[in-house]
Every structure is written in structure tokens, then in C-alpha cells.
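**Q** Structure: run.pdb, PDB, C-alpha atoms and all ligand atoms.
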```
ATOM      1  CA  MET A   1     -21.322  31.345  -8.649
ATOM      2  CA  LYS A   2     -21.249  27.560  -8.329
ATOM      3  CA  THR A   3     -18.892  26.323  -5.622
ATOM      4  CA  THR A   4     -17.960  22.690  -5.241
ATOM      5  CA  MET A   5     -16.781  20.918  -2.134
ATOM      6  CA  ILE A   6     -12.992  20.749  -1.639
ATOM      7  CA  LYS A   7     -11.650  17.383  -2.736
ATOM      8  CA  LEU A   8      -8.796  15.857  -0.737
ATOM      9  CA  TYR A   9      -6.880  13.144  -2.601
ATOM     10  CA  GLY A  10      -4.887  10.731  -0.490
ATOM     11  CA  SER A  11      -4.805   7.368   1.214
ATOM     12  CA  THR A  12      -5.963   6.240   4.636
ATOM     13  CA  THR A  13      -2.446   5.168   5.639
ATOM     14  CA  SER A  14      -0.375   8.236   4.692
ATOM     15  CA  PRO A  15       0.582  10.347   7.748
ATOM     16  CA  TYR A  16       0.758  13.441   5.530
ATOM     17  CA  VAL A  17      -2.807  12.876   4.362
ATOM     18  CA  ARG A  18      -4.156  12.004   7.792
ATOM     19  CA  ARG A  19      -3.042  15.340   9.264
ATOM     20  CA  ILE A  20      -5.149  17.169   6.669
ATOM     21  CA  ARG A  21      -8.113  14.839   7.197
ATOM     22  CA  MET A  22      -7.955  15.504  10.931
ATOM     23  CA  TRP A  23      -7.546  19.241  10.407
ATOM     24  CA  LEU A  24     -10.606  19.251   8.125
ATOM     25  CA  ALA A  25     -12.659  17.134  10.546
ATOM     26  CA  ASN A  26     -15.193  19.926  11.022
ATOM     27  CA  THR A  27     -14.973  21.343   7.500
ATOM     28  CA  GLU A  28     -17.034  19.837   4.715
ATOM     29  CA  HIS A  29     -14.826  18.087   2.158
ATOM     30  CA  GLU A  30     -14.731  15.013  -0.034
ATOM     31  CA  PHE A  31     -11.974  12.473   0.666
ATOM     32  CA  ILE A  32     -10.813  10.508  -2.364
ATOM     33  CA  ASN A  33      -8.947   7.405  -1.249
ATOM     34  CA  LEU A  34      -6.334   6.392  -3.847
ATOM     35  CA  GLN A  35      -4.039   3.392  -4.192
ATOM     36  CA  ILE A  36      -1.252   5.566  -5.566
ATOM     37  CA  PHE A  37       1.328   3.002  -6.641
ATOM     38  CA  ALA A  38      -0.491   1.383  -9.600
ATOM     39  CA  GLY A  39      -3.535   1.189 -11.815
ATOM     40  CA  LYS A  40      -6.234   3.752 -12.488
ATOM     41  CA  ASP A  41      -5.676   5.610  -9.213
ATOM     42  CA  ARG A  42      -2.088   6.372 -10.227
ATOM     43  CA  VAL A  43      -3.451   7.802 -13.501
ATOM     44  CA  ILE A  44      -5.892  10.006 -11.512
ATOM     45  CA  LEU A  45      -2.932  11.222  -9.431
ATOM     46  CA  ALA A  46      -0.604  11.743 -12.406
ATOM     47  CA  GLU A  47      -3.242  13.718 -14.340
ATOM     48  CA  ARG A  48      -3.375  16.289 -11.558
ATOM     49  CA  ASN A  49      -0.059  16.137  -9.726
ATOM     50  CA  PRO A  50       3.325  15.666 -11.433
ATOM     51  CA  THR A  51       5.044  15.152  -8.061
ATOM     52  CA  LEU A  52       3.054  11.876  -7.794
ATOM     53  CA  LYS A  53       2.703  12.362  -4.054
ATOM     54  CA  ILE A  54      -0.248  12.690  -1.726
ATOM     55  CA  PRO A  55      -1.937  14.681  -0.286
ATOM     56  CA  MET A  56      -3.266  17.157  -2.809
ATOM     57  CA  ILE A  57      -6.482  19.135  -2.801
ATOM     58  CA  GLU A  58      -8.714  20.397  -5.579
ATOM     59  CA  ASP A  59     -10.870  23.456  -4.954
ATOM     60  CA  ASP A  60     -12.853  24.217  -8.118
ATOM     61  CA  GLU A  61     -10.075  24.853 -10.678
ATOM     62  CA  THR A  62      -7.270  25.157  -8.119
ATOM     63  CA  VAL A  63      -5.051  22.183  -7.344
ATOM     64  CA  ILE A  64      -2.634  22.456  -4.408
ATOM     65  CA  PHE A  65       0.183  19.972  -3.721
ATOM     66  CA  ASP A  66       2.078  19.308  -0.475
ATOM     67  CA  SER A  67       0.562  19.223   3.017
ATOM     68  CA  ARG A  68       2.374  22.368   4.152
ATOM     69  CA  VAL A  69       1.102  24.412   1.243
ATOM     70  CA  ILE A  70      -2.353  22.828   1.617
ATOM     71  CA  PHE A  71      -2.363  23.967   5.253
ATOM     72  CA  ARG A  72      -1.513  27.524   4.167
ATOM     73  CA  TYR A  73      -4.212  27.451   1.479
ATOM     74  CA  LEU A  74      -6.842  26.233   3.981
ATOM     75  CA  SER A  75      -5.750  28.794   6.592
ATOM     76  CA  ASP A  76      -6.162  31.513   4.013
ATOM     77  CA  LYS A  77      -9.517  30.246   2.754
ATOM     78  CA  TYR A  78     -11.135  29.568   6.138
ATOM     79  CA  GLN A  79      -9.250  32.139   8.255
ATOM     80  CA  PHE A  80      -7.700  29.429  10.407
ATOM     81  CA  PRO A  81      -4.859  30.773  12.576
ATOM     82  CA  SER A  82      -1.447  30.723  10.876
ATOM     83  CA  LEU A  83       1.566  29.065  12.478
ATOM     84  CA  SER A  84       4.241  30.758  14.597
ATOM     85  CA  TRP A  85       7.908  30.303  13.590
ATOM     86  CA  GLU A  86       8.302  27.907  16.514
ATOM     87  CA  GLN A  87       5.423  25.809  15.160
ATOM     88  CA  GLU A  88       6.911  25.925  11.632
ATOM     89  CA  ASN A  89      10.103  24.435  13.119
ATOM     90  CA  GLN A  90       8.056  21.751  14.861
ATOM     91  CA  LEU A  91       6.542  20.840  11.477
ATOM     92  CA  THR A  92      10.009  20.697   9.930
ATOM     93  CA  LEU A  93      11.107  18.236  12.636
ATOM     94  CA  ILE A  94       7.989  16.108  12.118
ATOM     95  CA  ASP A  95       8.368  16.190   8.322
ATOM     96  CA  ALA A  96      12.081  15.305   8.452
ATOM     97  CA  ALA A  97      11.339  12.176  10.502
ATOM     98  CA  THR A  98       8.357  11.311   8.293
ATOM     99  CA  ASP A  99      10.287  11.757   5.023
ATOM    100  CA  SER A 100      13.149   9.527   6.202
ATOM    101  CA  LEU A 101      10.724   6.856   7.402
ATOM    102  CA  VAL A 102       8.796   7.003   4.091
ATOM    103  CA  GLN A 103      12.093   6.455   2.230
ATOM    104  CA  MET A 104      13.054   3.525   4.454
ATOM    105  CA  LEU A 105       9.580   1.989   4.047
ATOM    106  CA  LEU A 106       9.742   2.260   0.249
ATOM    107  CA  LEU A 107      13.260   0.784   0.232
ATOM    108  CA  GLY A 108      12.027  -2.109   2.353
ATOM    109  CA  ARG A 109       9.151  -2.662  -0.080
ATOM    110  CA  SER A 110      11.728  -2.706  -2.870
ATOM    111  CA  ASP A 111      13.405  -5.659  -1.109
ATOM    112  CA  ILE A 112      16.368  -3.595   0.028
ATOM    113  CA  ASP A 113      17.766  -4.475   3.446
ATOM    114  CA  THR A 114      17.867  -1.099   5.220
ATOM    115  CA  SER A 115      19.547  -2.581   8.311
ATOM    116  CA  GLU A 116      22.789  -2.803   6.294
ATOM    117  CA  ASP A 117      25.705  -0.621   7.311
ATOM    118  CA  LYS A 118      25.383   1.860   4.416
ATOM    119  CA  MET A 119      25.737   5.622   4.525
ATOM    120  CA  TYR A 120      22.255   6.414   3.148
ATOM    121  CA  PHE A 121      20.490   4.149   5.657
ATOM    122  CA  LYS A 122      22.639   5.412   8.535
ATOM    123  CA  LEU A 123      21.819   9.031   7.684
ATOM    124  CA  GLN A 124      18.085   8.293   7.703
ATOM    125  CA  ARG A 125      18.291   6.362  10.992
ATOM    126  CA  GLU A 126      20.337   9.136  12.572
ATOM    127  CA  ARG A 127      17.833  11.800  11.427
ATOM    128  CA  VAL A 128      14.854   9.768  12.668
ATOM    129  CA  ASN A 129      16.510   9.311  16.079
ATOM    130  CA  SER A 130      17.578  12.903  16.369
ATOM    131  CA  THR A 131      14.227  14.434  15.325
ATOM    132  CA  LEU A 132      12.136  12.028  17.421
ATOM    133  CA  SER A 133      14.346  12.599  20.488
ATOM    134  CA  HIS A 134      13.982  16.326  20.052
ATOM    135  CA  LEU A 135      10.197  16.031  19.611
ATOM    136  CA  ASN A 136      10.056  13.843  22.735
ATOM    137  CA  GLU A 137      11.849  16.634  24.634
ATOM    138  CA  LEU A 138       9.436  19.262  23.270
ATOM    139  CA  VAL A 139       6.499  17.135  24.470
ATOM    140  CA  THR A 140       8.164  16.912  27.918
ATOM    141  CA  GLN A 141       8.419  20.699  27.976
ATOM    142  CA  GLY A 142       4.684  21.029  27.235
ATOM    143  CA  HIS A 143       4.933  22.301  23.638
ATOM    144  CA  PHE A 144       2.321  19.820  22.401
ATOM    145  CA  SER A 145      -0.165  20.109  25.237
ATOM    146  CA  ASP A 146      -2.703  21.999  23.083
ATOM    147  CA  TRP A 147      -4.554  20.078  20.356
ATOM    148  CA  ASN A 148      -3.648  22.226  17.363
ATOM    149  CA  TYR A 149      -2.223  21.613  13.870
ATOM    150  CA  PRO A 150       1.351  20.739  14.998
ATOM    151  CA  SER A 151      -0.115  18.323  17.576
ATOM    152  CA  ILE A 152      -2.267  16.729  14.874
ATOM    153  CA  CYS A 153       0.846  16.314  12.690
ATOM    154  CA  LEU A 154       2.831  14.815  15.567
ATOM    155  CA  TYR A 155      -0.014  12.437  16.387
ATOM    156  CA  SER A 156      -0.209  11.306  12.739
ATOM    157  CA  LEU A 157       3.524  10.562  12.738
ATOM    158  CA  VAL A 158       3.635   8.699  16.069
ATOM    159  CA  ASP A 159       0.539   6.663  15.282
ATOM    160  CA  TRP A 160       1.900   5.746  11.831
ATOM    161  CA  ILE A 161       5.202   4.628  13.421
ATOM    162  CA  GLU A 162       3.240   2.379  15.770
ATOM    163  CA  PHE A 163       0.884   1.121  13.037
ATOM    164  CA  ARG A 164       3.734   0.185  10.679
ATOM    165  CA  THR A 165       6.251  -0.706  13.451
ATOM    166  CA  LEU A 166       8.820   1.632  11.941
ATOM    167  CA  HIS A 167      10.803   2.594  15.027
ATOM    168  CA  ASP A 168      11.094   1.524  18.659
ATOM    169  CA  LEU A 169       9.625   4.351  20.729
ATOM    170  CA  GLN A 170      10.356   2.817  24.148
ATOM    171  CA  GLN A 171      13.183   5.349  24.656
ATOM    172  CA  MET A 172      10.734   8.191  23.939
ATOM    173  CA  PRO A 173       8.191   7.790  26.758
ATOM    174  CA  ASP A 174       6.670  11.244  26.371
ATOM    175  CA  LEU A 175       5.893  10.640  22.705
ATOM    176  CA  LEU A 176       4.083   7.468  23.788
ATOM    177  CA  ALA A 177       2.280   9.363  26.564
ATOM    178  CA  PHE A 178       1.257  12.044  24.041
ATOM    179  CA  HIS A 179      -0.102   9.292  21.774
ATOM    180  CA  ASN A 180      -1.984   7.702  24.620
ATOM    181  CA  ALA A 181      -3.463  11.007  25.775
ATOM    182  CA  ASN A 182      -4.988  11.712  22.360
ATOM    183  CA  HIS A 183      -5.951   8.372  20.883
ATOM    184  CA  GLN A 184      -9.640   8.633  21.847
ATOM    185  CA  ARG A 185     -10.278  11.897  20.048
ATOM    186  CA  ILE A 186     -13.109  11.708  17.546
ATOM    187  CA  GLU A 187     -11.034  12.872  14.533
ATOM    188  CA  VAL A 188      -8.308  10.393  15.519
ATOM    189  CA  THR A 189     -10.618   7.383  15.660
ATOM    190  CA  ALA A 190     -12.496   8.529  12.538
ATOM    191  CA  THR A 191      -9.226   8.493  10.514
ATOM    192  CA  ASP A 192      -7.579   5.418  12.077
ATOM    193  CA  PRO A 193      -5.831   3.522   9.222
ATOM    194  CA  ARG A 194      -6.527   0.241  11.052
ATOM    195  CA  SER A 195     -10.279   0.642  10.636
ATOM    196  CA  THR A 196     -10.889   3.038   7.714
TER     197      THR A 196
HETATM  198  N1  LIG B 201       6.208  17.034   1.454
HETATM  199  C1  LIG B 201       5.052  16.250   1.079
HETATM  200  C2  LIG B 201       5.348  14.779   1.318
HETATM  201  C3  LIG B 201       4.218  13.894   0.855
HETATM  202  C4  LIG B 201       4.633  12.426   0.778
HETATM  203  O1  LIG B 201       5.814  12.068   0.852
HETATM  204  N2  LIG B 201       3.632  11.561   0.624
HETATM  205  C5  LIG B 201       3.896  10.139   0.458
HETATM  206  C6  LIG B 201       2.834   9.324   1.141
HETATM  207  S1  LIG B 201       3.047   9.336   2.894
HETATM  208  C7  LIG B 201       3.842   9.808  -1.021
HETATM  209  O2  LIG B 201       2.941  10.244  -1.700
HETATM  210  N3  LIG B 201       4.812   9.029  -1.500
HETATM  211  C8  LIG B 201       4.820   8.577  -2.868
HETATM  212  C9  LIG B 201       6.196   8.400  -3.395
HETATM  213  O3  LIG B 201       7.169   8.734  -2.684
HETATM  214  O4  LIG B 201       6.305   7.913  -4.528
HETATM  215  C10 LIG B 201       3.836  16.718   1.868
HETATM  216  O5  LIG B 201       4.016  17.291   2.948
HETATM  217  O6  LIG B 201       2.700  16.561   1.384
END
```
Can you present the structure in this file as C-alpha cells?
**A**
Amino acid sequence: MKTTMIKLYGSTTSPYVRRIRMWLANTEHEFINLQIFAGKDRVILAERNPTLKIPMIEDDETVIFDSRVIFRYLSDKYQFPSLSWEQENQLTLIDAATDSLVQMLLLGRSDIDTSEDKMYFKLQRERVNSTLSHLNELVTQGHFSDWNYPSICLYSLVDWIEFRTLHDLQQMPDLLAFHNANHQRIEVTATDPRST
């Protein structure tokens, strides 16, 4: 039976894509870098994924959307360890902050002033603060001292915040220390959006 290499569709800047790239660092795969917001790359995305979001993977005939489901698919396929409930909650915290920051970034790119005193913006800011503060506390307690999938996801988020200057992390010193402790890792430097 002919087997093809897993294809990962994404962009170099997306924190959701980067976590999968880092997780697959030692697993053969093809990375397809798309500019998802216009042109032929958006057609490539739309032909395969009606959610119009990245990442997605293609494994022979199977297409899987959403980083969390992709992680489950890869764990199943390669017998990677599955996540504990505590780690699932950590991912939910990371994803909640990431989703709100993605929304604020897209609003900003749509020329909307997200510093205005509006309910929607306030809710996103409040969620970003609350999830990041909680994650900072979890780092303090040692929950991210191993380099595993939740740590990779947290790194992708913190590094993207720094790269895009999305939030002031000075009040979250342990998130910054976590970033600093991991920024030389080979899969981190190999997927750095500043240089790839
Ligand atoms: N829950 C999804 C979120 C993916 C997501 O929001 N990706 C962003 C890029 S960072 C995207 O494709 N946004 C396109 C859009 O919102 O139109 C996952 O975990 O994969």
C-alpha cells in the first residue's frame, strides 16, 4: 500500500500551526506554508477546509481540522502519549487567550480601534489577562517544567505575543522566564516566525 507523507497546511506566524510543527519536529512531514487571507492559497485552503482556518493536516485521503483534533489524530497514529485532564485544561487556557488575541489582531487589521471602551473588546482583554495570569501561576508552581505538548503550546503563545507585541507581559515574570528558558531549543529556533 502506498503511503504518502503527512501534509501540514499552515503559516509560519500562526501559534496554532507552530505548536504542531514543533510537535512534529522529529516526525517526517511536509509543511505547506499558505497566505490564507487571499489569492490561490485561500482557494487551496477552502477546497479542503470549510472552516477556513489553519492548521489542518492531510494524511492520504484523511483531512483533519483544528490543532486539538490534529494532536489527537497524531497521538493515535504514532502512539504519542495522550493528555491528562489537567493538561487538557491547560490547553483550554492557552487556546482561550490565543483565540481572543487572534480576534483582537484581526479587528486591528480591519482598522477597528480595540482600545475603545466597548463590551466585546473588554471581554477579550479580561479573558486574556485572566488566562495569562493563571498560566503564569501554573508556571510558578512548576506545571510547565517538562518540555511536552502543553509546554510547546504555551511557548508558541508567549512567543507570538512577544513577536506581534500583543500584550504587556511585564506583570507575568514567570511566563517571560519560561520563554527565556526554552528559546534556544532546536524546534523553537527552526520554527521562529522571525526567520522562517
Ligand atoms: N481552534 C483552532 C483555531 C485555529 C485558528 O484560529 N487559526 C487562525 C490562525 S492563528 C486562523 O486560521 N484564522 C483565520 C480566520 O480567523 O479567518 C485550532 O486549534 O486549530
**Q** My list of candidates is A:Ser115, A:Phe163, A:Trp147, A:Thr191. Which is closest to A:Phe31 when distances are computed with only C-alpha atoms?
**A**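 The closest residue to A:Phe31 is A:Thr191.
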**Q** Choose the residue, out of A:Trp160, A:Phe144, A:Trp85, A:Tyr149, that has the smallest atom-to-atom separation from ligand LIG 201 (chain B); count only C-alpha atoms and all ligand atoms.
**A** A:Trp160
**Q** Give me the residues within 10 Å of A:Leu132 as a list in words, counting only C-alpha atoms and dropping any in the same chain fewer than 6 places off.
**A** Leu93, Ile94, Ala96, Ala97, Thr98, Glu126, Leu138, Leu154, Leu157, Val158, His167, Leu169, Gln171, Met172 and Leu175 of chain A
**Q** Let me know the residues the PyMOL selection byres (((not hetatm)) within 10 of (chain B and resi 201)) catches in the file above, as a ChimeraX atom specification.
**A** /A:10-20,36-37,45,51-56,64-71,91-92,95-96,98-103,105-106,157,160
**Q** What separation in Å, quoted to one decimal, exists between atom CA of A:Glu86 and atom CA of A:Leu123?
**A** 24.8 Å
**Q** Could you check which of A:Thr114, A:Leu34, A:Glu162, A:Gln87 is closest to A:Ala46, using all atoms listed in the file?
**A**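 Closest candidate: A:Leu34.
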**Q** Just checking: using only C-alpha atoms, which residue out of A:Ser133, A:Glu47, A:Ser195, A:Trp23 ends up closest to A:Ser151?
**A** A:Trp23
**Q** Can you tell me how far atom CA of A:Arg21 sits from atom CA of A:Glu187, in Å to one decimal?
**A** 8.1 Å
**Q** Could you state the separation of atom CA of A:Asn89 and atom CA of A:Pro150 in Å, given to one decimal place?
**A** 9.7 Å
**Q** Nearest to A:Glu61 among A:Thr165, A:Gly108, A:Thr4, A:Arg194, with distances taken over only C-alpha atoms: which residue is it?
**A** A:Thr4
**Q** Name all residues at most 10 Å from stretch 180-182 of chain A (count all atoms listed in the file; drop same-chain ones fewer than 2 positions away) and give them as an NGL selection string.
**A** :A and (145 or 147 or 151-152 or 155 or 159 or 174-178 or 184-189)
**Q** Include C-alpha atoms and write out the residues we just selected as a tab-separated table (two decimals), in the frame of the given file.
**A**
```tsv
chain	number	residue	atom	x	y	z
A	145	SER	CA	-0.16	20.11	25.24
A	147	TRP	CA	-4.55	20.08	20.36
A	151	SER	CA	-0.12	18.32	17.58
A	152	ILE	CA	-2.27	16.73	14.87
A	155	TYR	CA	-0.01	12.44	16.39
A	159	ASP	CA	0.54	6.66	15.28
A	174	ASP	CA	6.67	11.24	26.37
A	175	LEU	CA	5.89	10.64	22.70
A	176	LEU	CA	4.08	7.47	23.79
A	177	ALA	CA	2.28	9.36	26.56
A	178	PHE	CA	1.26	12.04	24.04
A	184	GLN	CA	-9.64	8.63	21.85
A	185	ARG	CA	-10.28	11.90	20.05
A	186	ILE	CA	-13.11	11.71	17.55
A	187	GLU	CA	-11.03	12.87	14.53
A	188	VAL	CA	-8.31	10.39	15.52
A	189	THR	CA	-10.62	7.38	15.66
```
**Q** Identify all residues satisfying the PyMOL selection byres (((chain A and resi 28) around 12) and not hetatm) in the given file; provide them as a list in words.
**A** Thr4, Met5, Ile6, Lys7, Leu8, Arg21, Met22, Trp23, Leu24, Ala25, Asn26, Thr27, His29, Glu30, Phe31 and Tyr78 of chain A
